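Below is one structure, written out as structure tokens, with a few remarks after it.
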Amino acid sequence: MQPILSLDNISYSYHNLNGETPALSRITFDVREGEFLAIVGPSGCGKSTLLSIIAGLLKPESGSLFFRACSSIGYMLQHDHLFEWRTIYQNVILGLELNKNLTKENTDYVLQLLNDYGLYAFKDKKPSELSGGMRQRAALIRTMAIKPELLLLDEPFSALDFQTRMTVSADIGSIIRNTGKTAILITHDLSEAITLADRVIVLSKRPASIKYELPVHYDIDRTSPLSIRNTAEYQTYFNLLWKELSDDLSYGETPNRTN
């Protein structure tokens with residue numbers, strides 16, 4: 001089957017008056033339909049730059065991207081960016097409004113998502129009346145409302161406390177898997193990457209290249225992050241990623257570990 005996304009030798013540099021700063025070097029990988037891919041790497045290595053290129057916000061200096069015909073993209077950022085003057089329902093239909101696509105079919109779909117993921121009773125509330133985890137679920141529903149084939153997640157749980165982060169990441173991971181969406185997650189958290197992803201790509205220090213790829217598989221249900229973190233497979237995956245990342249970290253810097 002043709003991949004939903006292919007990157008071929010993508011390179012990118014930032015330019016300013018002081019010269020050129022290479023960020024990405026010859027990045028090549030495919031993403032299969034329905035796959036949950038996580039990308040990790042040292043701080044500042046270019047992970048978010050890579051996601052911006054995939055989203056079309058930046059143009060690569062060299063290399064090419066291929067999207068399967070009619071593929072659409074949803075982008076979920078680090079912060080929920082919900083508008084306080086709008087209700088939760090009005091926030092989650094914003095993309096449909098902007099695209100002039102507020103059909104009954106689409107609004108019914110949004111209401112079903114709100115119901116399925118515990119937010120229907122809060123649809124008329126303002127964002128400040130919801131917890132951080134509920135706001136992140138609302139942000140995901142807003143992204144899902146336009147029915148994207150590919151979801152880009154740029155550290156969407158980083159602003160949450162540890163307990164909420166574990167719960168919400170598991171919830172959102174389940175939503176993505178249950179809907180059969182393809183997703184790319186950028187994260188600094190190795191535990192998060194190997195709990196959620198089917199495959200983890202490790203980037204080297206800047207200019208980033210692909211240093212290592214790790215397929216991830218568990219024989220248990222992924223709905224419980226604590227159960228996953230108690231498996232032998234989890235510890236093996238974590239140690240492999242830790243070793244690969246530690247080689248590229250500066251003195252005093254350590255990979256994020258929240259287990």
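Identifiers for the structure tokens are assigned positionally: chains receive A, B, ... in sequence, residues are indexed from 1 per chain, and ligands are indexed from 1 in the order shown.
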Surrounding residues of Ile88 in chain A excluding itself and chain neighbours under 6 positions, 8 Å, only C-alpha atoms, as a list in words: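 Counting only C-alpha atoms, the residues come to Leu82, Phe122, Lys123, Asp124, Lys125, Lys126, Pro127 and Ala138 of chain A.
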Could you write out the selected residues, including N, CA and C atoms, as a CSV table (one decimal), in the first residue's frame?
chain,number,residue,atom,x,y,z
A,82,LEU,N,-7.6,27.7,22.9
A,82,LEU,CA,-9.0,27.9,22.8
A,82,LEU,C,-9.4,29.4,23.1
A,122,PHE,N,-20.2,19.8,28.7
A,122,PHE,CA,-19.5,21.0,28.9
A,122,PHE,C,-19.4,21.9,27.7
A,123,LYS,N,-20.2,21.5,26.7
A,123,LYS,CA,-20.1,22.2,25.4
A,123,LYS,C,-20.5,23.6,25.4
A,124,ASP,N,-21.3,24.1,26.4
A,124,ASP,CA,-21.7,25.5,26.5
A,124,ASP,C,-20.9,26.2,27.5
A,125,LYS,N,-19.9,25.6,28.1
A,125,LYS,CA,-19.0,26.2,29.0
A,125,LYS,C,-17.9,27.0,28.3
A,126,LYS,N,-17.2,27.9,29.0
A,126,LYS,CA,-16.1,28.6,28.5
A,126,LYS,C,-14.8,27.8,28.8
A,127,PRO,N,-13.7,28.0,28.1
A,127,PRO,CA,-12.5,27.2,28.3
A,127,PRO,C,-12.0,27.3,29.8
A,138,ALA,N,-10.6,19.0,24.0
A,138,ALA,CA,-11.4,19.9,23.2
A,138,ALA,C,-10.6,20.3,22.0
Every residue of range 133-239 of chain A that DSSP places in alpha helix (DSSP H), as a VMD selection string: chain A and resid 133 to 144 162 to 178 190 to 196 225 to 229 232 to 239
Within 7 Å of Asp8 in chain A, counting only C-alpha atoms, which residues show up once you throw out same-chain ones fewer than 4 positions away? Write them as a PDB file with N, CA, C and O atoms, in the first residue's frame, please.
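After the write, result_1.pdb holds the following:
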ATOM      1  N   ILE A  27      16.653  14.106   5.671  1.00  0.00           N
ATOM      2  CA  ILE A  27      15.679  13.302   6.413  1.00  0.00           C
ATOM      3  C   ILE A  27      14.822  12.512   5.429  1.00  0.00           C
ATOM      4  O   ILE A  27      14.182  13.075   4.545  1.00  0.00           O
ATOM      5  N   THR A  28      14.795  11.203   5.595  1.00  0.00           N
ATOM      6  CA  THR A  28      14.008  10.331   4.719  1.00  0.00           C
ATOM      7  C   THR A  28      13.245   9.305   5.549  1.00  0.00           C
ATOM      8  O   THR A  28      13.844   8.578   6.344  1.00  0.00           O
ATOM      9  N   PHE A  29      11.929   9.287   5.405  1.00  0.00           N
ATOM     10  CA  PHE A  29      11.117   8.222   6.012  1.00  0.00           C
ATOM     11  C   PHE A  29       9.716   8.251   5.406  1.00  0.00           C
ATOM     12  O   PHE A  29       9.299   9.236   4.794  1.00  0.00           O
ATOM     13  N   GLY A  63      15.220  18.332  -1.204  1.00  0.00           N
ATOM     14  CA  GLY A  63      14.435  17.144  -0.922  1.00  0.00           C
ATOM     15  C   GLY A  63      12.988  17.347  -1.306  1.00  0.00           C
ATOM     16  O   GLY A  63      12.586  18.420  -1.775  1.00  0.00           O
ATOM     17  N   SER A  64      12.183  16.314  -1.109  1.00  0.00           N
ATOM     18  CA  SER A  64      10.788  16.379  -1.533  1.00  0.00           C
ATOM     19  C   SER A  64       9.879  15.664  -0.545  1.00  0.00           C
ATOM     20  O   SER A  64      10.299  14.765   0.186  1.00  0.00           O
ATOM     21  N   LEU A  65       8.598  16.116  -0.515  1.00  0.00           N
ATOM     22  CA  LEU A  65       7.557  15.474   0.267  1.00  0.00           C
ATOM     23  C   LEU A  65       6.493  14.961  -0.682  1.00  0.00           C
ATOM     24  O   LEU A  65       6.150  15.626  -1.658  1.00  0.00           O
TER      25      LEU A  65
END
Need the shell around Thr164 in chain A: protein/DNA/RNA residues with any atom at most 12 Å away, counting only C-alpha atoms. Skip same-chain ones fewer than 2 positions apart. Format as an MDAnalysis selection string? chainID A and resid 131:137 157:162 166:172 225
Hey, can you spit out that residue selection with N, CA, C and O atoms as a CSV table (one decimal), in the first residue's frame?
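And here's out08.csv as it stands now:
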chain,number,residue,atom,x,y,z
A,131,SER,N,-10.8,21.8,33.0
A,131,SER,CA,-9.5,21.5,33.5
A,131,SER,C,-8.5,21.5,32.3
A,131,SER,O,-9.0,21.5,31.1
A,132,GLY,N,-7.2,21.4,32.5
A,132,GLY,CA,-6.3,21.4,31.4
A,132,GLY,C,-6.4,20.2,30.5
A,132,GLY,O,-6.3,20.3,29.3
A,133,GLY,N,-6.7,19.0,31.1
A,133,GLY,CA,-6.9,17.8,30.3
A,133,GLY,C,-8.1,17.9,29.5
A,133,GLY,O,-8.1,17.5,28.3
A,134,MET,N,-9.2,18.5,30.0
A,134,MET,CA,-10.4,18.6,29.2
A,134,MET,C,-10.2,19.6,28.0
A,134,MET,O,-10.7,19.4,26.9
A,135,ARG,N,-9.5,20.6,28.3
A,135,ARG,CA,-9.2,21.6,27.2
A,135,ARG,C,-8.4,21.0,26.1
A,135,ARG,O,-8.6,21.2,24.9
A,136,GLN,N,-7.4,20.1,26.5
A,136,GLN,CA,-6.6,19.4,25.4
A,136,GLN,C,-7.5,18.4,24.6
A,136,GLN,O,-7.3,18.3,23.4
A,137,ARG,N,-8.5,17.8,25.3
A,137,ARG,CA,-9.4,17.0,24.5
A,137,ARG,C,-10.2,17.8,23.6
A,137,ARG,O,-10.5,17.4,22.4
A,157,PHE,N,1.1,17.6,25.2
A,157,PHE,CA,0.8,17.4,26.6
A,157,PHE,C,1.8,18.1,27.5
A,157,PHE,O,1.8,17.9,28.7
A,158,SER,N,2.7,18.8,26.9
A,158,SER,CA,3.9,19.4,27.7
A,158,SER,C,3.5,20.3,28.8
A,158,SER,O,4.2,20.5,29.7
A,159,ALA,N,2.3,21.0,28.6
A,159,ALA,CA,1.9,22.0,29.6
A,159,ALA,C,1.1,21.4,30.8
A,159,ALA,O,0.8,22.1,31.7
A,160,LEU,N,0.9,20.1,30.7
A,160,LEU,CA,0.1,19.4,31.8
A,160,LEU,C,0.9,18.9,32.9
A,160,LEU,O,2.1,18.5,32.7
A,161,ASP,N,0.4,18.8,34.1
A,161,ASP,CA,1.1,18.1,35.2
A,161,ASP,C,1.2,16.6,34.9
A,161,ASP,O,0.5,16.1,34.0
A,162,PHE,N,2.1,16.0,35.6
A,162,PHE,CA,2.5,14.6,35.3
A,162,PHE,C,1.2,13.6,35.3
A,162,PHE,O,1.1,12.9,34.3
A,166,MET,N,-0.3,11.9,31.8
A,166,MET,CA,-0.4,10.4,31.6
A,166,MET,C,-1.8,10.1,31.1
A,166,MET,O,-2.0,9.3,30.2
A,167,THR,N,-2.8,10.6,31.9
A,167,THR,CA,-4.2,10.3,31.6
A,167,THR,C,-4.7,10.8,30.2
A,167,THR,O,-5.3,10.1,29.4
A,168,VAL,N,-4.3,12.1,30.0
A,168,VAL,CA,-4.8,12.7,28.7
A,168,VAL,C,-4.1,12.1,27.5
A,168,VAL,O,-4.7,11.9,26.5
A,169,SER,N,-2.8,11.8,27.6
A,169,SER,CA,-2.1,11.2,26.5
A,169,SER,C,-2.6,9.9,26.2
A,169,SER,O,-2.8,9.5,25.0
A,170,ALA,N,-3.0,9.1,27.2
A,170,ALA,CA,-3.6,7.8,26.9
A,170,ALA,C,-5.0,8.0,26.3
A,170,ALA,O,-5.3,7.2,25.3
A,171,ASP,N,-5.8,9.0,26.8
A,171,ASP,CA,-7.1,9.2,26.2
A,171,ASP,C,-7.0,9.6,24.7
A,171,ASP,O,-7.7,9.1,23.8
A,172,ILE,N,-6.1,10.5,24.4
A,172,ILE,CA,-5.9,11.0,23.1
A,172,ILE,C,-5.3,9.9,22.2
A,172,ILE,O,-5.7,9.8,21.0
A,225,PRO,N,-1.6,3.3,30.5
A,225,PRO,CA,-0.2,3.6,30.4
A,225,PRO,C,0.6,3.0,31.5
A,225,PRO,O,1.7,2.6,31.3
From the set A:Ile39, A:Cys45, A:Leu96, A:Leu153, which residue has the shortest atom-to-atom contact distance to Ser13 in chain A, counting only C-alpha atoms?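 Selected residue with least distance to Ser13 in chain A: A:Cys45.
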Given only C-alpha atoms as the basis, pick out the residue of A:Leu102, A:Leu152, A:Leu245, A:Ile175 nearest to Lys205 in chain A.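 Residue with the minimum atom-to-atom distance to Lys205 in chain A: A:Leu245.
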Point out the residue among A:Arg68, A:Arg142, A:His188, A:Arg222 with the least atom-to-atom distance to Leu111 in chain A, counting only C-alpha atoms.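 Closest residue, counting only C-alpha atoms: A:Arg142.
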Could you jot down the CA of Ile4 in chain A to CA of Arg26 in chain A separation for me, Å, one decimal place? 19.6 Å
Within 6 Å of Leu24 in chain A using only C-alpha atoms, minus same-chain residues under 5 positions, as a list of chain:residue names: A:Ser11, A:Tyr12, A:Pro207, A:Ala208
Write out as a ChimeraX atom specification the set of residues from range 6-201 of chain A that DSSP, computed on the backbone, places in strand (DSSP E). /A:6-16,19-31,36-40,62-67,73-76,150-154,182-186,199-201
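Candidate residues A:Ser209, A:Gln90, A:Gln235, A:Ser48 were compared for distance to Ala139 in chain A, and the nearest is A:Gln90, using only C-alpha atoms.
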Set the distance at 10 Å and use only C-alpha atoms: which residues neighbour Thr143 in chain A once local chain neighbours fewer than 5 positions away are removed? I'd like the list as a list in words.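 Final neighbour list, sorted by chain and number: Ile73, Gly74, Tyr75, Met76, Leu77, Val92, Ile93, Leu94, Gly95, Leu96, Arg137, Ala138, Pro148, Leu151 and Leu152 of chain A.
For the set A:Ile220, A:Val202, A:Leu37, A:Met144, the residue with the smallest atom-to-atom gap to Gln112 in chain A is A:Met144, counting only C-alpha atoms.
Here the question is which of A:Leu150, A:Val40, A:Ala197, A:Leu17 gets nearest to Gly173 in chain A using only C-alpha atoms, and that residue is A:Ala197.
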